[in-house]
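> What follows is upload22.txt, made up of compact mmCIF, C-alpha atoms:
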```
# COMPACT_ATOMS: atom_id res chain seq x y z
CA MET A 1 0.00 0.00 0.00
CA GLN A 2 1.32 3.40 -0.98
CA VAL A 3 0.12 6.53 0.82
CA SER A 4 0.72 10.20 0.17
CA VAL A 5 -0.78 13.11 2.09
CA GLU A 6 -1.03 16.78 1.22
CA ASN A 7 -2.37 19.68 3.25
CA THR A 8 -5.35 21.53 1.83
CA GLY A 9 -5.56 23.97 4.74
CA ALA A 10 -4.79 24.23 8.43
CA ILE A 11 -6.81 21.09 9.16
CA GLY A 12 -7.72 19.89 5.65
CA ARG A 13 -5.97 16.80 4.29
CA ARG A 14 -6.04 15.05 0.91
CA MET A 15 -4.73 11.49 1.14
CA THR A 16 -4.05 9.33 -1.91
CA VAL A 17 -3.96 5.59 -1.33
CA SER A 18 -2.86 3.00 -3.86
CA LEU A 19 -3.28 -0.78 -3.45
CA SER A 20 -1.54 -3.35 -5.65
CA PRO A 21 -3.52 -5.54 -8.09
CA ASP A 22 -2.48 -8.57 -6.01
CA ALA A 23 -4.16 -7.15 -2.92
CA PHE A 24 -7.39 -6.62 -4.84
CA GLU A 25 -7.32 -10.07 -6.45
CA LYS A 26 -6.65 -11.75 -3.13
CA ALA A 27 -9.66 -10.03 -1.53
CA PHE A 28 -11.81 -10.63 -4.62
CA THR A 29 -11.01 -14.36 -4.72
CA ALA A 30 -11.74 -14.78 -1.00
CA ARG A 31 -15.06 -13.02 -1.41
CA LEU A 32 -15.88 -15.08 -4.52
CA LYS A 33 -15.23 -18.35 -2.68
CA ARG A 34 -17.46 -17.33 0.21
CA MET A 35 -20.26 -16.44 -2.16
CA SER A 36 -19.95 -19.69 -4.10
CA LYS A 37 -20.75 -21.63 -0.93
CA GLN A 38 -23.90 -19.60 -0.31
CA VAL A 39 -25.35 -18.85 -3.74
CA LYS A 40 -28.10 -20.99 -5.24
CA LEU A 41 -28.35 -21.31 -9.02
CA PRO A 42 -30.56 -23.61 -11.11
CA GLY A 43 -28.78 -26.85 -12.14
CA PHE A 44 -26.23 -26.76 -9.32
CA ARG A 45 -26.25 -28.22 -5.86
CA PRO A 46 -26.00 -25.69 -3.00
CA GLY A 47 -22.34 -24.86 -2.37
CA LYS A 48 -21.18 -26.53 -5.60
CA VAL A 49 -21.54 -23.66 -8.07
CA PRO A 50 -18.26 -23.23 -10.03
CA LEU A 51 -16.34 -20.03 -9.31
CA LYS A 52 -16.41 -19.00 -12.98
CA VAL A 53 -20.21 -19.24 -13.01
CA VAL A 54 -20.53 -17.22 -9.81
CA GLU A 55 -18.10 -14.63 -11.15
CA ALA A 56 -20.00 -14.32 -14.41
CA GLN A 57 -23.26 -13.84 -12.54
CA TYR A 58 -22.13 -11.60 -9.69
CA GLY A 59 -18.75 -10.22 -10.79
CA SER A 60 -19.78 -6.55 -10.98
CA GLN A 61 -21.45 -6.71 -7.57
CA LEU A 62 -18.38 -8.38 -6.05
CA ILE A 63 -16.05 -5.75 -7.47
CA GLN A 64 -18.08 -2.99 -5.82
CA GLU A 65 -18.25 -4.83 -2.50
CA VAL A 66 -14.55 -5.68 -2.45
CA THR A 67 -13.64 -2.14 -3.43
CA GLY A 68 -15.72 -0.77 -0.57
CA GLU A 69 -14.17 -3.15 1.95
CA LEU A 70 -10.61 -2.46 0.80
CA ILE A 71 -11.15 1.30 0.89
CA GLN A 72 -12.56 1.10 4.40
CA THR A 73 -9.81 -1.15 5.82
CA SER A 74 -6.95 0.55 3.97
CA PHE A 75 -8.17 4.01 4.98
CA GLN A 76 -8.01 3.04 8.67
CA GLU A 77 -4.57 1.52 8.16
CA ALA A 78 -3.34 4.57 6.25
CA ILE A 79 -4.46 7.18 8.82
CA GLY A 80 -2.84 5.04 11.54
CA LYS A 81 0.38 4.89 9.55
CA GLU A 82 0.36 8.64 8.99
CA GLY A 83 -0.71 9.47 12.55
CA LEU A 84 -3.85 11.34 11.46
CA ARG A 85 -7.06 11.84 13.47
CA PRO A 86 -9.95 12.53 11.08
CA ALA A 87 -12.73 14.70 12.48
CA GLY A 88 -15.67 12.99 10.82
CA GLY A 89 -15.98 10.70 7.83
CA PRO A 90 -13.87 11.27 4.69
CA LYS A 91 -15.06 12.16 1.21
CA ILE A 92 -13.83 9.26 -0.96
CA ASP A 93 -13.13 9.65 -4.66
CA PRO A 94 -12.15 6.28 -6.30
CA LYS A 95 -9.73 6.91 -9.17
CA ASN A 96 -9.37 3.38 -10.48
CA ILE A 97 -11.28 0.20 -9.65
CA GLU A 98 -10.34 -1.82 -12.70
CA ARG A 99 -9.15 -5.38 -12.09
CA GLY A 100 -5.55 -6.02 -12.92
CA LYS A 101 -4.54 -2.44 -12.05
CA ASP A 102 -3.73 -0.60 -8.86
CA LEU A 103 -6.78 0.27 -6.80
CA GLU A 104 -6.41 4.00 -6.16
CA TYR A 105 -8.58 6.47 -4.36
CA VAL A 106 -8.37 9.93 -2.86
CA ALA A 107 -9.77 10.66 0.61
CA GLU A 108 -10.41 14.24 1.68
CA PHE A 109 -11.12 15.03 5.31
CA ASP A 110 -10.49 17.40 8.19
CA ILE A 111 -8.33 16.43 11.12
CA TYR A 112 -8.83 17.51 14.70
CA PRO A 113 -7.20 20.90 15.21
CA GLU A 114 -4.41 21.40 17.67
CA VAL A 115 -5.60 23.08 20.85
CA ASN A 116 -3.18 25.96 21.30
CA LYS A 117 -3.63 26.60 25.01
CA GLN A 118 -4.85 24.17 27.63
CA ASP A 119 -4.17 26.26 30.72
CA LEU A 120 -4.57 29.84 31.92
CA SER A 121 -1.05 30.56 33.10
CA GLY A 122 -0.52 34.29 33.12
CA GLU A 123 -4.28 34.96 33.32
CA THR A 124 -6.11 36.52 36.29
CA LEU A 125 -9.68 35.41 36.99
CA GLU A 126 -12.03 37.11 39.41
CA ILE A 127 -14.05 34.56 41.36
CA PRO A 128 -16.90 35.63 43.69
CA VAL A 129 -17.04 34.73 47.36
CA CYS A 130 -20.34 35.01 49.19
CA GLU A 131 -21.18 34.78 52.90
CA ILE A 132 -24.84 34.60 53.86
CA GLN A 133 -25.83 37.52 56.10
CA ASP A 134 -28.74 38.01 58.52
CA ASP A 135 -30.38 40.36 56.02
CA ASP A 136 -30.41 37.57 53.43
CA ILE A 137 -32.24 35.32 55.86
CA LYS A 138 -34.70 38.10 56.73
CA GLU A 139 -35.36 38.75 53.04
CA THR A 140 -36.02 35.07 52.43
CA LEU A 141 -38.35 34.94 55.44
CA LYS A 142 -40.23 37.89 53.99
CA THR A 143 -40.62 36.06 50.69
CA MET A 144 -41.90 32.99 52.55
CA GLN A 145 -44.42 35.16 54.38
CA LYS A 146 -45.65 36.51 51.04
CA GLN A 147 -46.13 32.94 49.87
CA ARG A 148 -48.52 32.47 52.80
CA MET A 149 -50.14 35.89 52.40
CA LEU A 150 -53.51 36.33 54.10
CA TRP A 151 -56.01 38.19 51.91
CA GLN A 152 -58.65 40.38 53.50
CA PRO A 153 -61.53 41.76 51.34
CA VAL A 154 -61.72 45.56 51.09
CA GLU A 155 -64.28 48.00 49.69
CA ARG A 156 -61.79 50.52 48.29
CA GLU A 157 -60.33 50.74 44.79
CA ALA A 158 -57.75 48.16 43.81
CA LYS A 159 -54.08 49.13 43.70
CA ASN A 160 -50.82 47.35 43.00
CA ASP A 161 -50.10 44.42 45.35
CA ASP A 162 -53.82 43.89 45.93
CA GLN A 163 -55.42 40.62 44.93
CA VAL A 164 -58.47 40.79 42.69
CA THR A 165 -60.68 37.79 42.04
CA ILE A 166 -62.11 38.05 38.53
CA ASP A 167 -64.10 36.41 35.76
CA PHE A 168 -63.07 37.38 32.24
CA ASP A 169 -64.16 36.75 28.69
CA GLY A 170 -61.72 37.72 25.94
CA LYS A 171 -62.59 38.29 22.27
CA ILE A 172 -60.70 39.13 19.10
CA ASP A 173 -62.72 40.84 16.37
CA GLY A 174 -65.80 40.03 18.42
CA LYS A 175 -65.07 36.31 18.55
CA ALA A 176 -64.07 34.22 21.57
CA PHE A 177 -60.74 32.39 21.43
CA ASP A 178 -59.24 29.39 23.25
CA GLY A 179 -57.84 30.34 26.65
CA GLY A 180 -59.60 33.67 26.66
CA GLN A 181 -62.23 32.77 29.27
CA ALA A 182 -61.92 31.94 32.99
CA SER A 183 -63.84 32.24 36.24
CA ALA A 184 -62.86 33.08 39.83
CA VAL A 185 -59.22 33.77 38.94
CA PRO A 186 -57.12 35.26 41.79
CA LEU A 187 -54.69 37.84 40.40
CA VAL A 188 -52.18 40.00 42.27
CA LEU A 189 -51.93 43.34 40.50
CA GLY A 190 -48.40 44.25 39.54
CA SER A 191 -47.21 40.64 39.63
CA GLY A 192 -46.77 40.45 35.85
CA ALA A 193 -48.69 37.19 35.71
CA MET A 194 -50.82 38.38 32.79
CA ILE A 195 -49.87 39.91 29.45
CA PRO A 196 -48.86 43.62 29.49
CA GLY A 197 -51.83 45.94 29.90
CA PHE A 198 -54.18 43.50 31.61
CA GLU A 199 -53.24 44.17 35.24
CA GLU A 200 -52.76 47.88 34.60
CA GLY A 201 -56.31 48.00 33.23
CA LEU A 202 -57.69 46.73 36.54
CA LEU A 203 -56.16 49.41 38.76
CA LYS A 204 -58.82 51.39 40.68
CA VAL A 205 -61.60 48.84 40.09
CA LYS A 206 -63.91 47.86 42.98
CA ALA A 207 -65.67 44.63 43.89
CA GLY A 208 -68.81 44.15 41.82
CA GLU A 209 -67.64 46.34 38.95
CA GLN A 210 -67.35 45.24 35.34
CA LYS A 211 -64.73 46.69 33.02
CA ASP A 212 -63.51 46.12 29.48
CA VAL A 213 -59.74 45.92 29.11
CA THR A 214 -58.37 46.43 25.61
CA LEU A 215 -54.83 45.32 24.86
CA THR A 216 -52.59 43.83 22.18
CA PHE A 217 -50.85 40.47 22.55
CA PRO A 218 -47.03 40.72 22.29
CA LYS A 219 -45.62 40.00 18.84
CA ASP A 220 -43.52 37.18 20.32
CA TYR A 221 -46.42 35.64 22.26
CA GLN A 222 -45.96 31.86 22.51
CA ALA A 223 -49.40 31.15 21.03
CA SER A 224 -48.62 32.27 17.48
CA HIS A 225 -52.31 32.55 16.49
CA LEU A 226 -52.70 35.32 19.10
CA ALA A 227 -49.36 37.10 18.66
CA GLY A 228 -49.73 40.78 17.77
CA LYS A 229 -53.54 40.70 17.80
CA LYS A 230 -55.80 43.19 19.56
CA ALA A 231 -58.18 41.73 22.14
CA VAL A 232 -60.96 43.02 24.38
CA PHE A 233 -61.46 41.36 27.77
CA SER A 234 -64.74 41.82 29.55
CA VAL A 235 -63.81 41.55 33.24
CA LYS A 236 -66.16 41.08 36.20
CA VAL A 237 -64.54 41.86 39.57
CA GLN A 238 -65.76 39.52 42.29
CA GLN A 239 -63.49 40.74 45.07
CA VAL A 240 -60.67 43.13 45.92
CA ALA A 241 -58.44 42.06 48.82
CA GLU A 242 -55.34 43.46 50.47
CA GLY A 243 -52.57 41.25 51.74
CA GLN A 244 -51.50 40.78 55.33
CA LEU A 245 -48.27 38.96 56.10
CA PRO A 246 -48.68 36.09 58.57
CA GLU A 247 -46.85 36.37 61.86
CA LEU A 248 -43.54 34.58 62.33
CA SER A 249 -44.82 31.95 64.73
CA GLU A 250 -44.53 28.30 65.63
CA ASP A 251 -47.40 27.53 63.27
CA PHE A 252 -45.65 29.42 60.47
CA ALA A 253 -42.45 27.37 60.95
CA LYS A 254 -44.43 24.11 60.88
CA GLN A 255 -45.95 25.11 57.53
CA PHE A 256 -42.43 24.93 56.11
CA GLY A 257 -41.57 21.51 57.48
CA VAL A 258 -40.06 22.45 60.86
CA GLU A 259 -41.88 19.95 63.05
CA SER A 260 -40.65 21.51 66.30
CA GLY A 261 -42.01 24.89 65.26
CA SER A 262 -38.69 26.51 66.20
CA LEU A 263 -38.05 29.76 64.33
CA ASP A 264 -34.33 29.40 65.03
CA GLU A 265 -34.40 26.03 63.33
CA LEU A 266 -36.30 27.56 60.41
CA ARG A 267 -33.70 30.34 60.08
CA GLN A 268 -30.86 27.81 60.16
CA GLY A 269 -32.57 25.79 57.45
CA ILE A 270 -32.90 28.92 55.35
CA LYS A 271 -29.22 29.73 55.85
CA ASP A 272 -28.24 26.19 54.81
CA ASN A 273 -30.38 26.44 51.67
CA LEU A 274 -28.95 29.85 50.76
CA ASN A 275 -25.43 28.54 51.25
CA ARG A 276 -26.18 25.62 48.94
CA GLU A 277 -27.64 27.98 46.32
CA ALA A 278 -24.64 30.30 46.62
CA THR A 279 -22.28 27.34 46.15
CA VAL A 280 -24.07 26.25 42.98
CA ARG A 281 -24.16 29.78 41.57
CA ILE A 282 -20.48 30.40 42.29
CA ARG A 283 -19.63 27.06 40.70
CA ASN A 284 -21.53 28.06 37.56
CA ILE A 285 -19.93 31.50 37.44
CA THR A 286 -16.48 29.99 37.91
CA ARG A 287 -17.12 27.48 35.15
CA ASP A 288 -18.32 30.20 32.79
CA ARG A 289 -15.32 32.42 33.43
CA VAL A 290 -12.83 29.59 33.02
CA LEU A 291 -14.45 28.42 29.77
CA GLU A 292 -14.70 31.98 28.42
CA ALA A 293 -11.01 32.50 29.18
CA LEU A 294 -10.13 29.24 27.37
CA LEU A 295 -12.23 30.31 24.38
CA ALA A 296 -10.44 33.67 24.26
CA ALA A 297 -7.02 31.98 24.53
CA ASN A 298 -7.62 29.56 21.65
CA ASP A 299 -8.03 30.35 17.98
CA PHE A 300 -8.05 27.39 15.60
CA GLU A 301 -9.92 26.29 12.51
CA LEU A 302 -12.92 24.06 13.13
CA PRO A 303 -13.91 20.97 11.10
CA GLN A 304 -16.94 22.03 9.06
CA GLY A 305 -18.56 18.61 9.43
CA MET A 306 -18.58 18.95 13.20
CA ILE A 307 -20.22 22.38 12.95
CA VAL A 308 -22.94 21.09 10.63
CA GLU A 309 -23.61 18.11 12.92
CA GLU A 310 -23.77 20.34 16.00
CA MET A 311 -26.17 22.74 14.28
CA GLN A 312 -28.49 19.84 13.56
CA GLN A 313 -28.32 18.67 17.17
CA ILE A 314 -29.20 22.17 18.36
CA ARG A 315 -32.17 22.30 15.95
CA THR A 316 -33.39 18.90 17.15
CA GLY A 317 -32.99 19.82 20.81
CA ARG A 318 -34.87 23.11 20.42
CA ALA A 319 -37.67 21.44 18.46
CA ARG A 320 -38.05 18.79 21.17
CA GLN A 321 -38.13 21.45 23.88
CA ARG A 322 -40.78 23.47 22.04
CA GLN A 323 -42.86 20.33 21.60
CA GLU A 324 -42.61 19.45 25.29
CA GLN A 325 -43.67 22.99 26.24
CA GLY A 326 -46.55 22.99 23.75
CA MET A 327 -45.03 25.84 21.77
CA PRO A 328 -45.48 26.22 18.01
CA GLU A 329 -42.82 25.03 15.58
CA VAL A 330 -40.38 27.53 14.12
CA ALA A 331 -40.32 27.44 10.34
CA ASP A 332 -36.91 29.08 9.86
CA GLU A 333 -34.18 29.12 12.46
CA ASN A 334 -31.69 31.98 12.46
CA GLU A 335 -28.82 30.28 10.62
CA GLY A 336 -26.26 32.85 11.77
CA GLU A 337 -27.21 32.39 15.42
CA LEU A 338 -27.24 28.62 15.01
CA ASN A 339 -23.80 28.67 13.42
CA ASP A 340 -22.38 30.81 16.22
CA ALA A 341 -23.86 28.54 18.89
CA ALA A 342 -22.54 25.43 17.13
CA ARG A 343 -19.05 26.90 16.70
CA ARG A 344 -18.94 27.77 20.39
CA ARG A 345 -20.01 24.28 21.43
CA VAL A 346 -17.60 22.55 19.06
CA THR A 347 -14.69 24.75 20.16
CA LEU A 348 -15.39 24.14 23.85
CA GLY A 349 -15.83 20.42 23.23
CA LEU A 350 -12.45 20.18 21.51
CA ILE A 351 -10.69 22.17 24.23
CA ILE A 352 -12.29 20.22 27.08
CA GLY A 353 -11.67 16.90 25.33
CA GLU A 354 -7.99 17.70 24.84
CA ILE A 355 -7.55 18.70 28.49
CA ILE A 356 -9.27 15.50 29.62
CA ASN A 357 -6.97 13.41 27.41
CA GLN A 358 -3.79 15.22 28.33
CA LYS A 359 -4.47 15.11 32.07
CA ASN A 360 -6.16 11.69 31.96
CA LEU A 361 -9.11 13.02 33.96
CA LYS A 362 -11.89 10.67 35.04
CA PRO A 363 -15.16 11.17 36.96
CA GLY A 364 -14.35 9.69 40.37
CA SER A 365 -17.14 7.61 41.91
CA SER A 366 -17.01 9.59 45.17
CA LYS A 367 -17.39 12.90 43.31
CA VAL A 368 -20.29 11.48 41.30
CA ARG A 369 -21.97 10.29 44.49
CA GLN A 370 -21.46 13.70 46.07
CA ARG A 371 -23.13 15.46 43.13
CA VAL A 372 -26.06 13.02 43.12
CA GLU A 373 -26.61 13.58 46.84
CA GLU A 374 -26.37 17.33 46.30
CA LEU A 375 -29.04 17.20 43.60
CA ALA A 376 -31.24 14.92 45.70
CA SER A 377 -31.05 17.19 48.76
CA GLY A 378 -33.52 19.59 47.18
CA TYR A 379 -36.21 16.90 46.83
CA GLU A 380 -38.77 15.62 49.30
CA ASN A 381 -37.38 12.09 49.29
CA PRO A 382 -33.60 12.26 48.62
CA PRO A 383 -32.87 8.51 49.13
CA ALA A 384 -35.46 7.60 46.47
CA LEU A 385 -33.88 9.93 43.91
CA ILE A 386 -30.38 8.67 44.70
CA ALA A 387 -31.57 5.09 44.23
CA TRP A 388 -33.20 6.06 40.92
CA TYR A 389 -29.93 7.45 39.56
CA TYR A 390 -28.03 4.32 40.51
CA GLU A 391 -30.61 1.88 39.13
CA LYS A 392 -29.27 2.27 35.59
CA PRO A 393 -25.77 3.33 34.49
CA GLU A 394 -27.08 5.57 31.70
CA ARG A 395 -28.81 7.78 34.28
CA LEU A 396 -25.44 8.61 35.81
CA ARG A 397 -23.83 9.64 32.52
CA GLU A 398 -25.07 13.22 32.70
CA ILE A 399 -23.81 13.50 36.29
CA GLU A 400 -20.47 11.97 35.26
CA SER A 401 -20.18 14.53 32.46
CA LEU A 402 -20.82 17.35 34.94
CA VAL A 403 -18.22 15.99 37.34
CA LEU A 404 -15.70 15.59 34.51
CA GLU A 405 -16.30 19.17 33.37
CA GLU A 406 -15.79 20.35 36.95
CA ALA A 407 -12.50 18.43 37.06
CA VAL A 408 -11.42 20.28 33.91
CA VAL A 409 -12.43 23.64 35.43
CA ASP A 410 -10.54 22.87 38.66
CA ALA A 411 -7.42 21.76 36.77
CA VAL A 412 -7.40 24.87 34.57
CA LEU A 413 -8.27 27.23 37.42
CA ALA A 414 -5.24 25.94 39.32
CA THR A 415 -3.00 27.33 36.57
CA ALA A 416 -4.47 30.86 36.74
CA THR A 417 -4.09 33.67 39.25
CA VAL A 418 -7.34 33.81 41.21
CA LYS A 419 -8.62 37.06 42.64
CA ASN A 420 -11.49 36.56 45.08
CA SER A 421 -14.17 39.26 45.21
CA ILE A 422 -16.70 39.54 48.02
CA ILE A 423 -20.24 39.67 46.67
CA ALA A 424 -23.60 39.99 48.41
CA PHE A 425 -26.06 37.15 47.91
CA LYS A 426 -28.57 39.45 46.19
CA GLU A 427 -25.90 40.50 43.69
CA LEU A 428 -24.83 36.89 43.20
CA VAL A 429 -28.39 35.93 42.26
CA ALA A 430 -28.41 38.71 39.67
CA VAL A 431 -25.27 37.46 37.91
CA ASN A 432 -26.08 35.87 34.56
CA ALA A 433 -24.39 32.52 35.10
CA GLY A 434 -24.87 29.18 33.36
CA LYS A 435 -24.32 30.32 29.77
CA SER A 436 -21.82 27.68 28.70
```
Write the structure described by the file as structure tokens, please.

Amino acid sequence: MQVSVENTGAIGRRMTVSLSPDAFEKAFTARLKRMSKQVKLPGFRPGKVPLKVVEAQYGSQLIQEVTGELIQTSFQEAIGKEGLRPAGGPKIDPKNIERGKDLEYVAEFDIYPEVNKQDLSGETLEIPVCEIQDDDIKETLKTMQKQRMLWQPVEREAKNDDQVTIDFDGKIDGKAFDGGQASAVPLVLGSGAMIPGFEEGLLKVKAGEQKDVTLTFPKDYQASHLAGKKAVFSVKVQQVAEGQLPELSEDFAKQFGVESGSLDELRQGIKDNLNREATVRIRNITRDRVLEALLAANDFELPQGMIVEEMQQIRTGRARQRQEQGMPEVADENEGELNDAARRRVTLGLIIGEIINQKNLKPGSSKVRQRVEELASGYENPPALIAWYYEKPERLREIESLVLEEAVVDAVLATATVKNSIIAFKELVAVNAGKS
């Protein structure tokens, strides 16, 4: 076998492979003999058909099959010999498949690019540090009180933060539409629960009043048949009520699972939960900043086949998500946005994969267990969820991937200069983490 390789770009390769006539004939004869034992032809006993007869009947088919097999096996041998790592399948162009002559073909493909930088030496990363304060606990308690708000009917006009109980009947061009009617709906004004204009239209109403609210559905409304259309809602106000926060009492604590009714125990539970949330958010922010720094430090050409494949996976994933959420299909995706998203994913995948290979990183079983227990801690029955994950190996794969990515982040972060910055919990919540 003779092999020659030429570069067609930074990662593009054109490889010419030539096999001797003897190699082809040897493979052809072996294939012919196997077929002769299986083929059935009139006038011959099974397995006793002469080779010449089989060749005359199936010769063209055998040539194609043998050519395909030789190209496949010789291609693998050739890339191994040349030390090449194709990124995706090659484009094969057979140049000669005539018996008695060299079998020659040209394979064009991209190879995996070289990852220029696998660490962040010389880089400074700012990583947040957050300590839960008493005010954070008080703020959370206030939110919990609002969740258990007591509503007292009033005779005055409704204002923001009041709860109105309403019946409504919506119409477009005088005709009712699906989802436009409901009865005895509790609505807190100013909560943003309804489309823009609806809650504002109910300010200053009183119990027993009826009012028409005219508004236009947003152009990007999830129900496409309503998007951008003008609607009139006929609203009957059953009740206007103002909220009263419940007292912080033993009964209040019990409503949130503290069997002893101890407010101190409730506060400690809140602090533990906030600490867990802060840990997760800081982990996500750290991951994002490390990956962004790696992206900025690396600039290499990407295999086009990998980009195309990733774009299709993104399309499929988005379509599945829309279907699960009952949202309408999108006829035309933004190709530019899809391409950018795919390029980002492919680049990160190549960088992370190279770091994993170079450092021989693996998802340790103890780390995986720790992450599963961490995820389960937020559920009502943690042991049941942990058992569910461990029932089948495939359920752990996503967790193992997360743990492996964290190992990459930790390894890379260790090579950078880390500058810790104190951040309040409220500010931490506002940080847009989890993009990567």
> Using only C-alpha atoms, which of A:Leu295, A:Leu120, A:Ala223, A:Val408 sits nearest Glu354 in chain A?
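Of A:Leu295, A:Leu120, A:Ala223, A:Val408, the one nearest Glu354 in chain A is A:Val408, counting only C-alpha atoms.
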> Find the residue from A:Gln312, A:Asn357, A:Asn381, A:Ser421 that sits nearest to Val115 in chain A; use all atoms listed in the file when measuring.
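For Val115 in chain A, the nearest of the candidates is A:Asn357.
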> May I have the residues at most 6 Å from (-63.0, 37.0, 40.7) in the file's coordinates, counting all atoms listed in the file, as a count of residues only?
8
> Select, from A:Pro113, A:Gly326, A:Gly9, A:Gly68, the residue with the minimum atom-to-atom distance to Ala87 in chain A, counting all atoms listed in the file.
A:Pro113
> For a quick check of understanding, using all atoms listed in the file, which of A:Thr140, A:Val418, A:Asp161, A:Pro90 has the smallest distance to Gly269 in chain A?
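Selected residue with least distance to Gly269 in chain A: A:Thr140.
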> Report the distance between CA of Glu200 in chain A and CA of Gln325 in chain A in Å, rounded to one decimal place.
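Value for the CA of Glu200 in chain A-CA of Gln325 in chain A distance: 27.8 Å.
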> How many Å lie between CA of Asn275 in chain A and CA of Glu131 in chain A, rounded to one decimal?
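Spanning CA of Asn275 in chain A to CA of Glu131 in chain A is a straight-line distance of 7.7 Å.
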> Could you tell me which of A:Glu380, A:Asn116, A:Ala182, A:Leu263 comes closest to Thr347 in chain A if we count only C-alpha atoms?
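Of A:Glu380, A:Asn116, A:Ala182, A:Leu263, the one nearest Thr347 in chain A, counting only C-alpha atoms, is A:Asn116.
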> Mind checking which residues fall within 12 Å of Asn7 in chain A, counting only C-alpha atoms, ignoring those fewer than 4 positions away in the same chain, and posting them as number ranges by chain?
A: 11-16, 84, 107-111
> Which residue gives the smallest distance to Val280 in chain A among A:Glu406, A:Gln76, A:Met1, A:Ile137, with only C-alpha atoms counted?
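So, comparing all the options, the nearest one is A:Glu406.
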> Got a sec: who's within 12 Å of Pro21 in chain A, counting all atoms listed in the file, leaving out chain neighbours fewer than 5 positions off, as a ChimeraX atom specification?
/A:1,26-28,67,70,96-104
> Take CA of Met311 in chain A and CA of Leu294 in chain A and report the distance between them in Å, one decimal.
21.7 Å
